[in-house]
$ cat final.txt   # compact mmCIF, C-alpha atoms
# COMPACT_ATOMS: atom_id res chain seq x y z
CA MET A 1 168.27 -13.08 -44.82
CA LEU A 2 169.88 -10.09 -46.50
CA LEU A 3 171.62 -12.37 -49.00
CA ALA A 4 168.32 -14.06 -49.85
CA ALA A 5 166.63 -10.68 -50.39
CA SER A 6 169.50 -9.52 -52.61
CA PHE A 7 169.35 -12.72 -54.65
CA GLU A 8 165.60 -12.33 -55.08
CA GLN A 9 166.07 -8.73 -56.21
CA VAL A 10 168.74 -9.77 -58.73
CA MET A 11 166.53 -12.54 -60.12
CA THR A 12 163.59 -10.12 -60.38
CA THR A 13 165.76 -7.62 -62.27
CA ILE A 14 166.96 -10.36 -64.60
CA GLY A 15 163.34 -11.30 -65.21
CA TYR A 16 162.48 -7.71 -66.16
CA VAL A 17 165.50 -7.52 -68.47
CA LEU A 18 164.45 -10.75 -70.19
CA LEU A 19 160.91 -9.39 -70.53
CA ALA A 20 162.29 -6.19 -72.07
CA LEU A 21 164.41 -8.21 -74.52
CA CYS A 22 161.40 -10.31 -75.49
CA ALA A 23 159.34 -7.16 -76.10
CA LEU A 24 162.12 -5.63 -78.20
CA MET A 25 162.44 -8.84 -80.21
CA PHE A 26 158.67 -8.88 -80.67
CA MET A 27 158.77 -5.41 -82.26
CA VAL A 28 161.68 -6.39 -84.52
CA VAL A 29 159.97 -9.64 -85.57
CA ILE A 30 156.77 -7.71 -86.33
CA HIS A 31 158.82 -5.34 -88.50
CA GLU A 32 160.48 -8.17 -90.43
CA LEU A 33 157.16 -10.03 -90.66
CA GLY A 34 155.79 -7.02 -92.52
CA HIS A 35 158.57 -7.34 -95.11
CA TYR A 36 158.07 -11.12 -95.27
CA LEU A 37 154.29 -11.13 -95.78
CA ALA A 38 154.40 -8.33 -98.36
CA GLY A 39 157.18 -10.16 -100.20
CA LYS A 40 155.26 -13.44 -100.20
CA LEU A 41 152.10 -11.71 -101.40
CA LEU A 42 153.92 -9.99 -104.28
CA GLY A 43 155.89 -13.03 -105.43
CA PHE A 44 159.40 -12.31 -104.09
CA LYS A 45 161.79 -15.20 -103.48
CA ILE A 46 162.73 -15.28 -99.78
CA ASN A 47 165.79 -17.23 -98.68
CA GLU A 48 165.68 -16.85 -94.89
CA PHE A 49 163.67 -15.36 -92.07
CA GLY A 50 165.90 -14.95 -89.03
CA ILE A 51 165.23 -13.90 -85.45
CA GLY A 52 168.28 -12.53 -83.63
CA PHE A 53 171.91 -12.35 -84.74
CA GLY A 54 174.87 -14.71 -84.50
CA PRO A 55 175.20 -18.38 -85.47
CA PRO A 56 171.85 -20.25 -85.72
CA ILE A 57 170.80 -22.22 -82.67
CA PHE A 58 167.62 -23.42 -84.40
CA LYS A 59 167.19 -23.98 -88.12
CA ARG A 60 164.31 -25.28 -90.15
CA THR A 61 163.94 -25.43 -93.95
CA ASN A 62 160.66 -25.41 -95.85
CA LYS A 63 161.19 -28.20 -98.39
CA LYS A 64 158.54 -26.81 -100.71
CA THR A 65 159.80 -23.21 -100.98
CA GLY A 66 163.41 -23.60 -99.81
CA GLU A 67 162.92 -20.87 -97.21
CA VAL A 68 165.00 -21.19 -94.06
CA PHE A 69 163.73 -20.15 -90.64
CA THR A 70 166.42 -19.56 -87.99
CA ILE A 71 166.64 -18.43 -84.38
CA ARG A 72 169.94 -16.88 -83.31
CA PRO A 73 171.33 -16.19 -79.81
CA ILE A 74 171.80 -12.39 -79.84
CA PRO A 75 168.29 -10.92 -79.26
CA LEU A 76 168.92 -7.47 -80.73
CA GLY A 77 167.42 -7.74 -84.18
CA GLY A 78 166.32 -9.94 -87.02
CA PHE A 79 166.15 -10.06 -90.79
CA CYS A 80 164.24 -11.20 -93.85
CA ALA A 81 166.75 -12.18 -96.54
CA PHE A 82 165.38 -11.83 -100.07
CA GLU A 83 166.89 -13.55 -103.09
CA GLY A 84 169.14 -11.19 -105.04
CA GLU A 85 168.92 -8.30 -102.60
CA ASP A 86 171.50 -5.66 -103.68
CA ASP A 87 172.50 -7.98 -106.53
CA ALA A 88 171.45 -6.65 -109.93
CA GLU A 89 173.18 -9.57 -111.72
CA ASN A 90 170.90 -12.23 -110.22
CA LYS A 91 168.89 -13.74 -113.10
CA ASN A 92 166.04 -15.14 -110.98
CA PRO A 93 162.88 -13.22 -111.99
CA ALA A 94 161.63 -13.48 -108.40
CA ALA A 95 164.82 -11.87 -107.03
CA PHE A 96 164.40 -8.63 -105.13
CA GLU A 97 166.22 -6.38 -107.61
CA ASN A 98 164.37 -7.90 -110.58
CA GLN A 99 160.98 -6.89 -109.22
CA PRO A 100 159.32 -3.62 -110.34
CA PRO A 101 160.13 -0.57 -108.15
CA TRP A 102 156.53 -0.22 -106.96
CA LYS A 103 156.60 -3.75 -105.56
CA ARG A 104 159.89 -3.11 -103.80
CA LEU A 105 158.48 0.09 -102.31
CA ILE A 106 155.54 -1.81 -100.83
CA VAL A 107 157.82 -4.50 -99.36
CA LEU A 108 160.19 -1.92 -97.87
CA PHE A 109 157.35 0.16 -96.40
CA SER A 110 155.54 -2.84 -94.92
CA GLY A 111 158.01 -3.27 -92.05
CA ALA A 112 157.36 0.21 -90.65
CA PHE A 113 153.65 -0.15 -91.43
CA PHE A 114 153.42 -3.33 -89.35
CA ASN A 115 155.15 -1.56 -86.44
CA LEU A 116 152.58 1.24 -86.59
CA VAL A 117 149.70 -1.26 -86.78
CA SER A 118 151.02 -3.29 -83.84
CA GLY A 119 151.49 -0.10 -81.82
CA TRP A 120 147.97 0.98 -82.72
CA ILE A 121 146.50 -2.38 -81.57
CA ILE A 122 148.38 -2.11 -78.27
CA ILE A 123 147.07 1.44 -77.77
CA VAL A 124 143.45 0.37 -78.43
CA ILE A 125 143.79 -2.36 -75.79
CA PHE A 126 145.61 0.04 -73.45
CA PHE A 127 142.96 2.78 -73.73
CA SER A 128 140.14 0.27 -73.19
CA ALA A 129 141.65 -1.80 -70.37
CA TYR A 130 143.71 0.80 -68.55
CA GLY A 131 142.96 4.22 -69.98
CA GLN A 132 144.32 7.19 -71.90
CA VAL A 133 146.18 9.88 -69.99
CA LEU A 134 143.82 12.88 -70.17
CA PRO A 135 143.15 15.96 -68.03
CA GLU A 136 140.19 15.59 -65.67
CA VAL A 137 138.58 18.56 -63.94
CA VAL A 138 139.11 18.31 -60.18
CA ASN A 139 137.87 21.77 -59.15
CA VAL A 140 135.70 24.44 -60.75
CA TYR A 141 136.24 27.80 -59.04
CA ALA A 142 133.18 29.46 -57.54
CA ASP A 143 133.77 32.64 -59.56
CA SER A 144 134.66 30.73 -62.73
CA PRO A 145 132.95 31.98 -65.91
CA ASN A 146 132.37 28.29 -66.67
CA ALA A 147 130.77 27.27 -63.37
CA ALA A 148 127.42 26.69 -65.08
CA VAL A 149 128.73 24.44 -67.89
CA LEU A 150 131.79 22.67 -66.45
CA GLU A 151 131.54 19.91 -63.84
CA GLU A 152 134.08 18.17 -61.62
CA GLY A 153 134.99 14.85 -63.22
CA ASP A 154 134.73 16.13 -66.79
CA VAL A 155 137.50 14.64 -68.94
CA PHE A 156 138.72 16.70 -71.87
CA LEU A 157 138.73 14.80 -75.17
CA LYS A 158 139.00 17.70 -77.60
CA VAL A 159 139.91 21.38 -77.26
CA GLY A 160 139.41 23.90 -80.06
CA GLY A 161 138.79 21.16 -82.62
CA LYS A 162 142.02 19.32 -81.72
CA GLN A 163 142.21 15.91 -80.05
CA MET A 164 143.54 16.09 -76.51
CA ASN A 165 146.60 13.83 -76.34
CA VAL A 166 148.87 13.92 -73.31
CA LEU A 167 152.37 12.51 -73.67
CA MET A 168 154.06 15.07 -71.43
CA ALA A 169 152.57 17.26 -68.70
CA GLU A 170 152.86 20.44 -70.77
CA ASP A 171 150.78 19.03 -73.65
CA ALA A 172 147.46 19.70 -71.90
CA THR A 173 148.55 23.07 -70.46
CA LYS A 174 149.69 24.24 -73.91
CA MET A 175 146.33 23.57 -75.52
CA PHE A 176 144.47 25.72 -72.99
CA SER A 177 147.09 28.47 -72.89
CA GLU A 178 146.92 28.82 -76.69
CA ALA A 179 143.10 28.95 -76.71
CA GLY A 180 141.31 32.24 -77.31
CA ASP A 181 138.78 33.99 -75.04
CA THR A 182 136.26 31.28 -75.95
CA VAL A 183 136.94 27.73 -77.02
CA GLU A 184 134.70 24.80 -77.90
CA THR A 185 135.60 21.61 -76.06
CA VAL A 186 134.37 18.04 -75.97
CA VAL A 187 134.36 16.31 -72.58
CA LEU A 188 133.62 12.80 -71.42
CA ARG A 189 130.90 13.06 -68.76
CA ASP A 190 129.26 9.98 -67.24
CA GLY A 191 130.48 7.90 -70.19
CA LYS A 192 129.03 10.25 -72.81
CA ARG A 193 130.63 12.89 -75.00
CA VAL A 194 129.35 16.38 -74.30
CA THR A 195 130.22 19.52 -76.27
CA ILE A 196 130.60 22.69 -74.20
CA THR A 197 132.00 26.16 -74.86
CA LEU A 198 134.41 27.57 -72.27
CA SER A 199 135.07 31.27 -71.75
CA LYS A 200 137.95 33.09 -70.11
CA GLY A 201 137.31 35.59 -67.33
CA THR A 202 138.85 37.19 -64.25
CA CYS A 203 139.10 34.66 -61.41
CA VAL A 204 140.48 34.68 -57.89
CA ALA A 205 143.80 32.82 -57.75
CA GLY A 206 144.19 30.15 -55.10
CA THR A 207 144.41 26.47 -54.26
CA TYR A 208 142.08 23.73 -53.07
CA ASP A 209 143.05 21.31 -50.31
CA ALA A 210 142.16 17.61 -50.17
CA ASP A 211 138.79 18.44 -48.51
CA GLY A 212 137.81 20.87 -51.26
CA ASN A 213 138.43 24.01 -49.25
CA PHE A 214 139.63 26.99 -51.30
CA THR A 215 142.44 29.23 -50.09
CA PRO A 216 142.94 32.43 -52.11
CA THR A 217 146.45 33.56 -52.98
CA VAL A 218 147.34 36.84 -51.22
CA ASN A 219 150.05 39.15 -52.53
CA GLU A 220 152.68 39.45 -49.77
CA GLU A 221 153.54 43.04 -50.66
CA THR A 222 150.07 44.55 -51.12
CA GLY A 223 148.02 42.16 -49.00
CA GLU A 224 145.45 41.96 -51.79
CA VAL A 225 143.93 38.78 -53.18
CA GLU A 226 145.50 37.96 -56.52
CA THR A 227 143.44 37.40 -59.66
CA TYR A 228 144.18 35.96 -63.06
CA TYR A 229 142.53 35.80 -66.46
CA GLY A 230 141.62 32.24 -67.33
CA PHE A 231 139.02 29.49 -67.45
CA GLY A 232 138.64 29.11 -63.67
CA PHE A 233 139.28 25.42 -63.08
CA THR A 234 142.07 23.04 -62.16
CA SER A 235 142.68 19.64 -63.71
CA VAL A 236 144.91 16.64 -63.17
CA SER A 237 146.06 14.31 -65.96
CA TYR A 238 145.85 10.59 -65.36
CA ALA A 239 144.67 7.42 -67.12
CA VAL A 240 140.94 7.44 -67.86
CA LYS A 241 139.31 4.25 -69.16
CA LEU A 242 137.54 4.78 -72.47
CA PRO A 243 134.64 2.87 -74.07
CA PHE A 244 135.96 0.51 -76.75
CA PHE A 245 134.74 2.39 -79.82
CA LEU A 246 135.91 5.71 -78.38
CA ALA A 247 139.31 4.11 -77.68
CA LEU A 248 139.35 2.76 -81.23
CA GLY A 249 138.74 6.21 -82.71
CA ARG A 250 141.15 8.09 -80.46
CA SER A 251 143.96 5.58 -80.98
CA PHE A 252 144.39 6.76 -84.59
CA SER A 253 144.97 10.39 -83.60
CA PHE A 254 147.26 9.28 -80.77
CA MET A 255 149.47 7.32 -83.18
CA PHE A 256 149.74 10.38 -85.45
CA PHE A 257 150.51 12.42 -82.34
CA LEU A 258 153.33 10.02 -81.43
CA VAL A 259 154.81 10.22 -84.92
CA TYR A 260 154.65 14.03 -84.77
CA LYS A 261 156.37 14.06 -81.37
CA ILE A 262 159.13 11.72 -82.56
CA LEU A 263 159.80 13.89 -85.62
CA ALA A 264 159.71 17.05 -83.49
CA ILE A 265 162.22 15.58 -81.03
CA LEU A 266 164.43 14.43 -83.90
CA GLY A 267 164.33 17.94 -85.40
CA SER A 268 165.22 19.47 -82.04
CA LEU A 269 168.11 17.03 -81.68
CA ILE A 270 169.49 17.96 -85.12
CA THR A 271 169.21 21.71 -84.41
CA GLY A 272 170.81 21.32 -80.98
CA GLN A 273 167.71 22.32 -79.00
CA ILE A 274 167.81 18.94 -77.24
CA ALA A 275 170.98 17.55 -75.69
CA LEU A 276 172.55 14.33 -77.00
CA ASN A 277 172.18 12.68 -73.60
CA THR A 278 168.41 12.50 -74.17
CA VAL A 279 168.87 9.74 -76.75
CA GLY A 280 170.39 6.30 -76.48
CA GLY A 281 171.20 3.10 -78.30
CA PRO A 282 169.97 -0.48 -77.74
CA VAL A 283 171.35 -0.69 -74.18
CA THR A 284 169.48 2.47 -73.20
CA THR A 285 166.33 1.17 -74.90
CA ILE A 286 166.50 -2.11 -72.97
CA THR A 287 167.16 -0.18 -69.73
CA VAL A 288 164.09 2.01 -70.29
CA MET A 289 161.96 -1.02 -71.11
CA THR A 290 163.26 -2.86 -68.04
CA GLN A 291 162.29 0.10 -65.83
CA ALA A 292 158.88 0.21 -67.52
CA ALA A 293 158.37 -3.52 -66.95
CA SER A 294 159.14 -3.08 -63.25
CA SER A 295 156.56 -0.27 -63.08
CA GLY A 296 153.70 -2.50 -64.16
CA PHE A 297 151.90 -3.74 -67.25
CA ALA A 298 150.29 -0.39 -68.06
CA THR A 299 153.57 1.53 -68.24
CA PHE A 300 155.28 -1.35 -70.05
CA SER A 301 152.64 -1.56 -72.80
CA TYR A 302 152.71 2.23 -73.15
CA VAL A 303 156.48 2.18 -73.69
CA ILE A 304 156.18 -0.70 -76.20
CA CYS A 305 153.81 1.46 -78.24
CA LEU A 306 156.21 4.42 -78.08
CA ILE A 307 159.17 2.32 -79.22
CA SER A 308 157.09 0.66 -81.99
CA ALA A 309 156.21 4.09 -83.37
CA ASN A 310 159.83 5.20 -82.98
CA LEU A 311 161.07 2.09 -84.82
CA ALA A 312 158.64 2.78 -87.67
CA VAL A 313 159.57 6.46 -88.02
CA MET A 314 163.33 5.90 -87.78
CA ASN A 315 163.25 3.15 -90.41
CA LEU A 316 161.47 5.45 -92.87
CA LEU A 317 164.13 8.16 -92.62
CA PRO A 318 166.24 8.48 -95.81
CA ILE A 319 169.41 7.36 -94.04
CA PRO A 320 171.63 4.79 -95.81
CA ALA A 321 171.11 1.22 -94.53
CA LEU A 322 167.54 2.01 -93.39
CA ASP A 323 164.37 1.17 -95.30
CA GLY A 324 163.77 4.86 -96.01
CA SER A 325 166.93 5.22 -98.08
CA ARG A 326 166.18 2.02 -100.00
CA MET A 327 162.72 3.40 -100.75
CA LEU A 328 164.32 6.63 -101.96
CA PHE A 329 166.56 4.69 -104.36
CA CYS A 330 163.50 2.79 -105.64
CA LEU A 331 161.66 6.07 -106.25
CA ILE A 332 164.63 7.47 -108.17
CA GLU A 333 164.72 4.32 -110.30
CA TRP A 334 160.95 4.48 -110.86
CA ILE A 335 161.02 8.16 -111.89
CA PHE A 336 164.13 8.10 -114.09
CA LYS A 337 163.63 4.55 -115.38
CA LYS A 338 167.22 3.73 -114.47
CA PRO A 339 168.58 2.22 -111.24
CA ILE A 340 171.45 3.75 -109.31
CA ASN A 341 174.67 1.77 -109.62
CA LYS A 342 174.21 -1.15 -107.21
CA LYS A 343 177.85 -1.13 -106.14
CA VAL A 344 177.55 2.54 -105.15
CA GLU A 345 174.28 1.87 -103.35
CA ALA A 346 175.81 -1.11 -101.50
CA VAL A 347 178.75 1.02 -100.35
CA LEU A 348 176.37 3.74 -99.12
CA HIS A 349 174.33 1.21 -97.15
CA THR A 350 177.47 -0.32 -95.64
CA VAL A 351 178.80 3.07 -94.58
CA GLY A 352 175.37 4.01 -93.24
CA PHE A 353 175.17 0.80 -91.20
CA VAL A 354 178.61 1.39 -89.68
CA LEU A 355 177.75 5.00 -88.81
CA ILE A 356 174.39 4.02 -87.25
CA PHE A 357 176.08 1.26 -85.25
CA ALA A 358 178.81 3.65 -84.08
CA PHE A 359 176.24 6.32 -83.14
CA ALA A 360 174.22 3.78 -81.14
CA ILE A 361 177.31 2.72 -79.18
CA PHE A 362 178.36 6.34 -78.64
CA ALA A 363 174.86 7.32 -77.48
CA ASP A 364 174.82 4.47 -74.95
CA ILE A 365 178.29 5.37 -73.64
CA PHE A 366 177.26 9.03 -73.45
CA GLN A 367 174.27 8.04 -71.31
CA PHE A 368 176.52 6.34 -68.76
CA VAL A 369 179.21 9.03 -68.54
CA THR A 370 176.86 12.04 -68.24
$ encode --input "final.txt" --output "structure tokens"
Amino acid sequence: MLLAASFEQVMTTIGYVLLALCALMFMVVIHELGHYLAGKLLGFKINEFGIGFGPPIFKRTNKKTGEVFTIRPIPLGGFCAFEGEDDAENKNPAAFENQPPWKRLIVLFSGAFFNLVSGWIIIVIFFSAYGQVLPEVVNVYADSPNAAVLEEGDVFLKVGGKQMNVLMAEDATKMFSEAGDTVETVVLRDGKRVTITLSKGTCVAGTYDADGNFTPTVNEETGEVETYYGFGFTSVSYAVKLPFFLALGRSFSFMFFLVYKILAILGSLITGQIALNTVGGPVTTITVMTQAASSGFATFSYVICLISANLAVMNLLPIPALDGSRMLFCLIEWIFKKPINKKVEAVLHTVGFVLIFAFAIFADIFQFVT
């Protein structure tokens, strides 16, 4: 009986891992599809579109265009191979390096753009079907200065002119703590958006139990009831279903919010404010996605969106071997009307690839030993 249960657990875990790998491959394919479609639209010659790495296990050639489509066994990436990429001596006018810089910029940017668009679509569906994590008012204190305007069940959409986006618990708390004595807010109440102005005041500190009974906080030394200066309500953040058009509108700001958070975390990592063990390579990514898959569809789709945005941002960084550095070289060529030596550029990309690969392995190892 125990053996059967263990086997079932192992098979379930394997299923979640496979689901995580499929999701990761989906994001990579979407990225490469962006390059492919932009290249086709702008007249680039494409030799191969590959899914995965390693020797091909499936291969099909388009007899009309000569393009090869392959599927490979290692599900950790993919590629779109353009004719004459990194080869300035290729005489084919449709080769990558023979195209104008502005065309190459569009093709290089399209991969990250498709990741952002796919993440945005997932978020729209997520907000509509499951909900956006937002703070909802659970108690309005009797002595609250906002007792007349704030109601239990109000969901905060905007505070002080800024969209309320909750990725971490402190995001909501920070917005209210940074607000002045009065702040204009927009709440979702009975399916409608309502604009109300909240004011700070002196309130009795305390807690509410599950039955709604309030217990004031008493100072142990003085025996007096404690007070604080604030808005006089408590809220809890959880997923709140949004009407479709509201979800559509809020998804844009949420994607920008994700990009900002990723850049902020990256900056903190570079300056040493965040420890190295908070990042990881492909093994860590698959582990996180596997855990998310086991937690349910809602968490899984949320994580897919996060990783899609992360994939887009990271690829646009000006690091050799990434799309961002290739875009930088195209801009330099466009501005100065002269390309950088292709042999030098190829060496930089090779070194960059090796360093990125080594960092990914090190980050994964660091995760397991700390």
$ residues_around --input "final.txt" --residues "A:Ile196" --least-positions-apart "4" --cutoff "9 Å" --atoms "all atoms listed in the file" --output "ChimeraX atom specification"
/A:149-150,183-187
$ write_last_selection --input "final.txt" --atoms "C-alpha atoms" --output "short mmCIF file (atom, residue, chain, number, x, y, z; two decimals), in the coordinates of the input"
data_model
loop_
_atom_site.label_atom_id
_atom_site.label_comp_id
_atom_site.auth_asym_id
_atom_site.auth_seq_id
_atom_site.Cartn_x
_atom_site.Cartn_y
_atom_site.Cartn_z
CA VAL A 149 128.73 24.44 -67.89
CA LEU A 150 131.79 22.67 -66.45
CA VAL A 183 136.94 27.73 -77.02
CA GLU A 184 134.70 24.80 -77.90
CA THR A 185 135.60 21.61 -76.06
CA VAL A 186 134.37 18.04 -75.97
CA VAL A 187 134.36 16.31 -72.58
#
$ atom_distance --input "final.txt" --atom1 "atom CA of A:Ile71" --atom2 "atom CA of A:Gly52"
6.2 Å
$ residues_near_point --input "final.txt" --point "(134.3, 22.1, -63.6)" --cutoff "8 Å" --atoms "all atoms listed in the file" --output "CSV table (one decimal) with C-alpha atoms, in the coordinates of the input"
chain,number,residue,atom,x,y,z
A,137,VAL,CA,138.6,18.6,-63.9
A,138,VAL,CA,139.1,18.3,-60.2
A,139,ASN,CA,137.9,21.8,-59.2
A,140,VAL,CA,135.7,24.4,-60.8
A,141,TYR,CA,136.2,27.8,-59.0
A,146,ASN,CA,132.4,28.3,-66.7
A,147,ALA,CA,130.8,27.3,-63.4
A,149,VAL,CA,128.7,24.4,-67.9
A,150,LEU,CA,131.8,22.7,-66.4
A,151,GLU,CA,131.5,19.9,-63.8
A,152,GLU,CA,134.1,18.2,-61.6
A,153,GLY,CA,135.0,14.8,-63.2
A,154,ASP,CA,134.7,16.1,-66.8
A,233,PHE,CA,139.3,25.4,-63.1
A,234,THR,CA,142.1,23.0,-62.2
$ closest_residue --input "final.txt" --among "A:Ala142, A:Ile74, A:Ala247, A:Ala179" --to "A:Leu157" --atoms "all atoms listed in the file"
A:Ala247
$ atom_distance --input "final.txt" --atom1 "atom CA of A:Thr173" --atom2 "atom CA of A:Arg250"
19.5 Å
$ residues_around --input "final.txt" --residues "A:Val133" --least-positions-apart "2" --cutoff "8 Å" --atoms "all atoms listed in the file" --output "list in words"
Gly131, Pro135, Asn165, Val166, Leu167, Ser237, Tyr238, Ala239 and Val240 of chain A
